[in-house]
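Structure data follow from protein05.cif (mmCIF, C-alpha atoms and all ligand atoms):
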```cif
data_work
loop_
_atom_site.group_PDB
_atom_site.id
_atom_site.type_symbol
_atom_site.label_atom_id
_atom_site.label_comp_id
_atom_site.auth_asym_id
_atom_site.auth_seq_id
_atom_site.Cartn_x
_atom_site.Cartn_y
_atom_site.Cartn_z
ATOM 1 C CA MET A 1 0.000 0.000 0.000
ATOM 2 C CA ASN A 2 1.282 3.410 -0.952
ATOM 3 C CA ASN A 3 1.174 5.769 1.996
ATOM 4 C CA PRO A 4 0.367 9.153 0.340
ATOM 5 C CA ARG A 5 2.733 11.021 2.637
ATOM 6 C CA ASN A 6 5.633 8.725 1.839
ATOM 7 C CA LEU A 7 4.790 8.811 -1.884
ATOM 8 C CA ALA A 8 4.756 12.636 -1.791
ATOM 9 C CA TRP A 9 8.156 12.693 -0.107
ATOM 10 C CA ARG A 10 9.638 10.210 -2.566
ATOM 11 C CA LEU A 11 8.337 12.065 -5.617
ATOM 12 C CA ASN A 12 9.617 15.370 -4.220
ATOM 13 C CA TRP A 13 12.957 13.833 -3.401
ATOM 14 C CA TYR A 14 13.259 12.544 -6.973
ATOM 15 C CA ARG A 15 12.056 15.934 -8.319
ATOM 16 C CA GLN A 16 14.906 17.719 -6.552
ATOM 17 C CA SER A 17 17.519 15.030 -7.267
ATOM 18 C CA GLU A 18 16.736 15.123 -11.016
ATOM 19 C CA LEU A 19 17.165 18.878 -10.996
ATOM 20 C CA GLU A 20 20.494 18.664 -9.185
ATOM 21 C CA GLY A 21 21.609 16.036 -11.701
ATOM 22 C CA ALA A 22 20.839 18.540 -14.473
ATOM 23 C CA LEU A 23 22.817 21.246 -12.680
ATOM 24 C CA LEU A 24 25.841 18.968 -12.225
ATOM 25 C CA LEU A 25 25.821 17.943 -15.889
ATOM 26 C CA GLY A 26 25.339 21.544 -16.981
ATOM 27 C CA ARG A 27 28.406 22.573 -15.009
ATOM 28 C CA ALA A 28 30.400 19.664 -16.456
ATOM 29 C CA VAL A 29 29.918 21.006 -19.993
ATOM 30 C CA ARG A 30 32.435 23.759 -19.165
ATOM 31 C CA ALA A 31 35.188 21.152 -18.835
ATOM 32 C CA ALA A 32 34.444 19.526 -22.219
ATOM 33 C CA THR A 33 35.929 20.523 -25.565
ATOM 34 C CA ASP A 34 35.060 17.564 -27.814
ATOM 35 C CA PRO A 35 31.874 18.526 -29.761
ATOM 36 C CA LYS A 36 30.358 15.033 -29.425
ATOM 37 C CA LEU A 37 30.907 15.084 -25.671
ATOM 38 C CA VAL A 38 29.418 18.582 -25.390
ATOM 39 C CA LEU A 39 26.348 17.404 -27.290
ATOM 40 C CA SER A 40 25.914 14.283 -25.117
ATOM 41 C CA LEU A 41 26.344 16.212 -21.859
ATOM 42 C CA THR A 42 23.934 18.944 -22.955
ATOM 43 C CA ARG A 43 21.270 16.438 -24.033
ATOM 44 C CA HIS A 44 21.718 14.530 -20.767
ATOM 45 C CA CYS A 45 21.398 17.788 -18.802
ATOM 46 C CA ALA A 46 18.185 18.663 -20.675
ATOM 47 C CA ASP A 47 16.753 15.163 -20.006
ATOM 48 C CA GLU A 48 17.370 15.464 -16.250
ATOM 49 C CA ALA A 49 15.762 18.918 -16.146
ATOM 50 C CA ARG A 50 12.746 17.503 -17.992
ATOM 51 C CA HIS A 51 12.587 14.586 -15.531
ATOM 52 C CA SER A 52 12.350 17.056 -12.688
ATOM 53 C CA PHE A 53 9.519 18.779 -14.545
ATOM 54 C CA GLN A 54 7.770 15.415 -15.026
ATOM 55 C CA PHE A 55 7.939 14.622 -11.299
ATOM 56 C CA THR A 56 6.639 18.097 -10.493
ATOM 57 C CA LYS A 57 3.763 17.653 -12.935
ATOM 58 C CA THR A 58 3.027 14.199 -11.453
ATOM 59 C CA LEU A 59 2.833 15.662 -7.945
ATOM 60 C CA MET A 60 0.359 18.259 -9.208
ATOM 61 C CA ASP A 61 -1.714 15.710 -11.140
ATOM 62 C CA LEU A 62 -1.981 13.669 -7.935
ATOM 63 C CA ASN A 63 -2.777 16.747 -5.877
ATOM 64 C CA LEU A 64 0.194 16.073 -3.616
ATOM 65 C CA PRO A 65 2.089 18.972 -2.005
ATOM 66 C CA ILE A 66 5.451 20.373 -3.027
ATOM 67 C CA ILE A 67 7.891 19.633 -0.197
ATOM 68 C CA GLN A 68 11.116 21.611 0.071
ATOM 69 C CA ILE A 69 14.039 19.220 -0.285
ATOM 70 C CA PHE A 70 17.398 20.261 1.136
ATOM 71 C CA LYS A 71 19.369 17.060 0.464
ATOM 72 C CA SER A 72 19.260 15.441 -2.969
ATOM 73 C CA TYR A 73 20.089 11.736 -3.235
ATOM 74 C CA GLN A 74 23.410 12.745 -4.828
ATOM 75 C CA SER A 75 24.283 14.965 -1.875
ATOM 76 C CA LEU A 76 24.321 11.843 0.317
ATOM 77 C CA TYR A 77 27.074 10.462 -1.930
ATOM 78 C CA SER A 78 28.979 13.717 -1.682
ATOM 79 C CA ALA A 79 28.769 13.536 2.113
ATOM 80 C CA HIS A 80 30.816 10.283 1.863
ATOM 81 C CA ALA A 81 33.030 11.003 -1.113
ATOM 82 C CA GLY A 82 33.214 14.770 -1.605
ATOM 83 C CA VAL A 83 32.021 16.584 -4.704
ATOM 84 C CA PRO A 84 33.469 15.194 -7.961
ATOM 85 C CA THR A 85 35.973 17.584 -9.486
ATOM 86 C CA SER A 86 37.182 16.155 -12.816
ATOM 87 C CA LEU A 87 34.939 15.259 -15.757
ATOM 88 C CA THR A 88 35.819 11.562 -15.410
ATOM 89 C CA GLN A 89 34.997 11.618 -11.704
ATOM 90 C CA MET A 90 31.724 13.349 -12.408
ATOM 91 C CA LEU A 91 30.683 10.854 -15.042
ATOM 92 C CA ALA A 92 31.759 7.861 -12.916
ATOM 93 C CA PHE A 93 29.668 9.293 -10.078
ATOM 94 C CA THR A 94 26.736 9.861 -12.486
ATOM 95 C CA HIS A 95 26.987 6.337 -13.876
ATOM 96 C CA ILE A 96 26.845 4.602 -10.491
ATOM 97 C CA PHE A 97 24.098 6.939 -9.336
ATOM 98 C CA GLU A 98 22.037 6.239 -12.479
ATOM 99 C CA LYS A 99 22.374 2.490 -11.971
ATOM 100 C CA ARG A 100 20.865 3.048 -8.534
ATOM 101 C CA VAL A 101 18.124 5.210 -10.081
ATOM 102 C CA GLU A 102 17.279 2.418 -12.507
ATOM 103 C CA MET A 103 16.952 -0.134 -9.672
ATOM 104 C CA GLN A 104 15.017 2.302 -7.526
ATOM 105 C CA PHE A 105 12.485 3.183 -10.253
ATOM 106 C CA GLN A 106 12.024 -0.491 -11.112
ATOM 107 C CA ALA A 107 11.288 -1.145 -7.425
ATOM 108 C CA GLU A 108 8.814 1.768 -7.437
ATOM 109 C CA LEU A 109 6.931 0.125 -10.311
ATOM 110 C CA GLN A 110 6.479 -2.979 -8.116
ATOM 111 C CA THR A 111 4.831 -0.957 -5.330
ATOM 112 C CA PRO A 112 1.214 -2.022 -4.877
ATOM 113 C CA ASP A 113 -1.368 0.679 -5.713
ATOM 114 C CA LEU A 114 1.102 3.021 -7.379
ATOM 115 C CA PRO A 115 -1.104 5.695 -9.026
ATOM 116 C CA ASP A 116 -1.219 5.620 -12.844
ATOM 117 C CA ALA A 117 0.347 9.070 -13.236
ATOM 118 C CA ALA A 118 3.361 7.964 -11.210
ATOM 119 C CA THR A 119 3.601 4.644 -13.078
ATOM 120 C CA ARG A 120 3.730 6.472 -16.426
ATOM 121 C CA THR A 121 6.419 8.854 -15.178
ATOM 122 C CA PHE A 122 8.651 6.070 -13.843
ATOM 123 C CA GLN A 123 8.275 4.124 -17.111
ATOM 124 C CA THR A 124 9.174 7.141 -19.270
ATOM 125 C CA LEU A 125 12.178 7.981 -17.148
ATOM 126 C CA LEU A 126 13.425 4.386 -17.124
ATOM 127 C CA ASN A 127 13.478 4.509 -20.920
ATOM 128 C CA ASP A 128 15.659 7.635 -20.913
ATOM 129 C CA GLU A 129 17.916 5.998 -18.335
ATOM 130 C CA GLN A 130 18.931 3.330 -20.885
ATOM 131 C CA ASP A 131 20.439 6.047 -23.106
ATOM 132 C CA HIS A 132 22.179 7.729 -20.189
ATOM 133 C CA LEU A 133 23.714 4.494 -18.938
ATOM 134 C CA ALA A 134 24.871 3.546 -22.441
ATOM 135 C CA TRP A 135 26.586 6.752 -23.541
ATOM 136 C CA VAL A 136 28.305 7.325 -20.178
ATOM 137 C CA ALA A 137 29.571 3.697 -20.091
ATOM 138 C CA ASP A 138 30.944 4.160 -23.637
ATOM 139 C CA TRP A 139 32.757 7.346 -22.733
ATOM 140 C CA LEU A 140 34.156 5.936 -19.476
ATOM 141 C CA ALA A 141 35.501 2.894 -21.349
ATOM 142 C CA SER A 142 38.072 5.186 -23.002
ATOM 143 C CA GLN A 143 39.277 6.705 -19.694
ATOM 144 C CA PRO A 144 42.082 4.713 -18.020
ATOM 145 C CA GLU A 145 41.312 6.062 -14.548
ATOM 146 C CA ALA A 146 37.582 5.232 -14.752
ATOM 147 C CA PRO A 147 37.569 1.616 -13.391
ATOM 148 C CA ALA A 148 39.056 2.652 -10.026
ATOM 149 C CA MET A 149 36.624 5.567 -9.785
ATOM 150 C CA LEU A 150 33.666 3.321 -10.571
ATOM 151 C CA ASP A 151 34.760 0.880 -7.827
ATOM 152 C CA HIS A 152 35.035 3.750 -5.398
ATOM 153 C CA TYR A 153 31.538 5.092 -6.182
ATOM 154 C CA ARG A 154 30.083 1.574 -6.052
ATOM 155 C CA ALA A 155 31.249 1.312 -2.434
ATOM 156 C CA VAL A 156 29.851 4.766 -1.686
ATOM 157 C CA ASP A 157 26.530 3.808 -3.273
ATOM 158 C CA GLN A 158 26.275 0.691 -1.102
ATOM 159 C CA ALA A 159 26.926 2.701 2.049
ATOM 160 C CA VAL A 160 24.346 5.354 1.123
ATOM 161 C CA PHE A 161 21.770 2.739 0.157
ATOM 162 C CA GLN A 162 22.134 0.974 3.500
ATOM 163 C CA GLU A 163 21.665 4.229 5.389
ATOM 164 C CA ILE A 164 18.568 5.110 3.379
ATOM 165 C CA GLN A 165 16.974 1.660 3.627
ATOM 166 C CA LEU A 166 16.334 2.269 7.318
ATOM 167 C CA PHE A 167 14.015 5.119 6.337
ATOM 168 C CA SER A 168 12.275 3.607 3.330
ATOM 169 C CA LYS A 169 8.796 3.807 4.940
ATOM 170 C CA ARG A 170 9.331 7.222 6.549
ATOM 171 C CA ILE A 171 11.829 9.165 4.527
ATOM 172 C CA TRP A 172 10.786 12.435 6.172
ATOM 173 C CA ASP A 173 12.840 11.164 9.132
ATOM 174 C CA VAL A 174 16.145 11.301 7.181
ATOM 175 C CA PRO A 175 17.862 14.089 9.144
ATOM 176 C CA GLY A 176 17.683 17.414 7.305
ATOM 177 C CA LEU A 177 16.122 15.955 4.158
ATOM 178 C CA GLY A 178 13.380 18.511 3.722
ATOM 179 C CA ARG A 179 10.455 20.457 5.133
ATOM 180 C CA GLU A 180 6.738 19.929 4.606
ATOM 181 C CA PRO A 181 4.468 22.936 4.178
ATOM 182 C CA GLN A 182 2.585 23.560 7.436
ATOM 183 C CA ASP A 183 -0.786 23.029 5.797
ATOM 184 C CA ALA A 184 0.308 19.871 3.911
ATOM 185 C CA LEU A 185 -2.530 17.519 3.078
ATOM 186 C CA PHE A 186 -1.707 14.013 1.938
ATOM 187 C CA VAL A 187 -4.807 12.837 0.123
ATOM 188 C CA LEU A 188 -4.198 11.176 -3.210
ATOM 189 C CA SER A 189 -6.397 12.152 -6.105
ATOM 190 C CA THR A 190 -5.983 9.750 -9.010
HETATM 191 FE FE FE B 1 16.691 11.432 -14.640
HETATM 192 FE FE FE B 2 19.493 9.914 -16.044
#
```

In structure tokens, what does this structure look like?
Amino acid sequence: MNNPRNLAWRLNWYRQSELEGALLLGRAVRAATDPKLVLSLTRHCADEARHSFQFTKTLMDLNLPIIQIFKSYQSLYSAHAGVPTSLTQMLAFTHIFEKRVEMQFQAELQTPDLPDAATRTFQTLLNDEQDHLAWVADWLASQPEAPAMLDHYRAVDQAVFQEIQLFSKRIWDVPGLGREPQDALFVLST
């Protein structure tokens, strides 16, 4: 059963995390000179910004409140591993994070009573994720330092996932994650 409050928090958390993914990729474009790489990064950035829009629209379609989110999912990685500085580090970080996103969204689709609007959004985004995973894996394959970075972020991802699992039914209890509006109402309209 989908608790509307927990669903609202999850969708808001994804909304903010998608947007921060777009911002990270947008900043990374500065470090790129190869035209093909610039194109891929810019398209990826635009996709993540659109994903944030799609989660926002889904929240509105379901009549769920906007919750201020102060810690994106990625910021939990950065708390363990610092903020990526080089382009290779940033894309290794993105790749491991997006593998987690893929697993997470697939798990969401298994949730009983997931509203249709949310189901459609997760399915659309999972499709885009295939492209993201593929082009980043291709690019990383040509970077000699990438395998060690990927191993590092895999360990970070495991640690973050274990921390978060404890809160899966009450993610509002993750310290400092966000703030509900005072008049928040959690009644799903489907
Ligand atoms: Fe995304
Ligand atoms: Fe993505």

Exercise: residues within 10 Å of coordinate (5.8, 9.7, -10.5), counting only C-alpha atoms, as a PyMOL selection string: chain A and resi 7-8+10-12+14-15+51+54-59+61-62+105+108-109+114-125

Residue with smallest distance to ligand FE 1 (chain B) - pool A:Pro4, A:Pro84, A:Gly21, A:Pro181, counting only C-alpha atoms and all ligand atoms: A:Gly21

Contacts of chain A with ligand FE 2 (chain B) up to 12 Å, shortest pair per row, all atoms listed in the file, as a Markdown table:
```
| residue | atom | partner | partner_atom | distance |
| --- | --- | --- | --- | --- |
| A:Tyr14 | CA | B:FE2 | FE | 11.3 |
| A:Ser17 | CA | B:FE2 | FE | 10.3 |
| A:Glu18 | CA | B:FE2 | FE | 7.7 |
| A:Leu19 | CA | B:FE2 | FE | 10.5 |
| A:Glu20 | CA | B:FE2 | FE | 11.2 |
| A:Gly21 | CA | B:FE2 | FE | 7.8 |
| A:Ala22 | CA | B:FE2 | FE | 8.9 |
| A:Leu24 | CA | B:FE2 | FE | 11.7 |
| A:Leu25 | CA | B:FE2 | FE | 10.2 |
| A:Ser40 | CA | B:FE2 | FE | 11.9 |
| A:Leu41 | CA | B:FE2 | FE | 11.0 |
| A:Arg43 | CA | B:FE2 | FE | 10.5 |
| A:His44 | CA | B:FE2 | FE | 7.0 |
| A:Cys45 | CA | B:FE2 | FE | 8.6 |
| A:Ala46 | CA | B:FE2 | FE | 10.0 |
| A:Asp47 | CA | B:FE2 | FE | 7.1 |
| A:Glu48 | CA | B:FE2 | FE | 5.9 |
| A:Ala49 | CA | B:FE2 | FE | 9.7 |
| A:Arg50 | CA | B:FE2 | FE | 10.3 |
| A:His51 | CA | B:FE2 | FE | 8.4 |
| A:Ser52 | CA | B:FE2 | FE | 10.6 |
| A:Leu91 | CA | B:FE2 | FE | 11.3 |
| A:Phe93 | CA | B:FE2 | FE | 11.8 |
| A:Thr94 | CA | B:FE2 | FE | 8.1 |
| A:His95 | CA | B:FE2 | FE | 8.6 |
| A:Ile96 | CA | B:FE2 | FE | 10.6 |
| A:Phe97 | CA | B:FE2 | FE | 8.7 |
| A:Glu98 | CA | B:FE2 | FE | 5.7 |
| A:Lys99 | CA | B:FE2 | FE | 8.9 |
| A:Arg100 | CA | B:FE2 | FE | 10.3 |
| A:Val101 | CA | B:FE2 | FE | 7.7 |
| A:Glu102 | CA | B:FE2 | FE | 8.6 |
| A:Phe105 | CA | B:FE2 | FE | 11.3 |
| A:Phe122 | CA | B:FE2 | FE | 11.7 |
| A:Thr124 | CA | B:FE2 | FE | 11.2 |
| A:Leu125 | CA | B:FE2 | FE | 7.6 |
| A:Leu126 | CA | B:FE2 | FE | 8.3 |
| A:Asn127 | CA | B:FE2 | FE | 9.4 |
| A:Asp128 | CA | B:FE2 | FE | 6.6 |
| A:Glu129 | CA | B:FE2 | FE | 4.8 |
| A:Gln130 | CA | B:FE2 | FE | 8.2 |
| A:Asp131 | CA | B:FE2 | FE | 8.1 |
| A:His132 | CA | B:FE2 | FE | 5.4 |
| A:Leu133 | CA | B:FE2 | FE | 7.5 |
| A:Ala134 | CA | B:FE2 | FE | 10.5 |
| A:Trp135 | CA | B:FE2 | FE | 10.8 |
| A:Val136 | CA | B:FE2 | FE | 10.1 |
```

Contacts of His80 of chain A at 10 Å (all atoms listed in the file; same-chain gap of 4+ positions) as a list in words: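 These residues fall inside the cut-off: Ser75, Leu76, Tyr153, Ala155, Val156, Asp157, Ala159 and Val160 of chain A.
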
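In this comparison, which uses only C-alpha atoms, the residue of A:Phe53, A:Trp139, A:Trp172, A:Phe186 approaching Gln68 of chain A most closely is A:Trp172.
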
Nearest to ligand FE 1 (chain B) by atom-to-atom distance, counting all atoms listed in the file, from A:Thr111, A:Lys169, A:Thr85, A:Gln104: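 Closest residue, counting all atoms listed in the file: A:Gln104.
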
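Remark: for ligand FE 1 (chain B), the closest of the candidate residues A:Val29, A:Gln162, A:Tyr73, A:Pro65 is A:Tyr73 (distances computed over all atoms listed in the file).
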
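You will find atom CA of Gln165 of chain A at 12.7 Å from atom CA of Ala107 of chain A.
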
Counting only C-alpha atoms, the option among A:Glu163, A:Thr33, A:Ile69, A:Ala28 closest to Arg179 of chain A: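 Looking only at the distances to Arg179 of chain A, the closest residue turns out to be A:Ile69.
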
Å distance separating atom CA of Gly176 of chain A from atom CA of Gln158 of chain A, one decimal place: 20.6 Å

Counting all atoms listed in the file, the option among A:Gln74, A:Ser142, A:Asn6, A:Gln182 closest to ligand FE 1 (chain B): A:Gln74

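In this structure, atom CA of Leu87 of chain A sits 25.3 Å away from atom CA of Trp13 of chain A.
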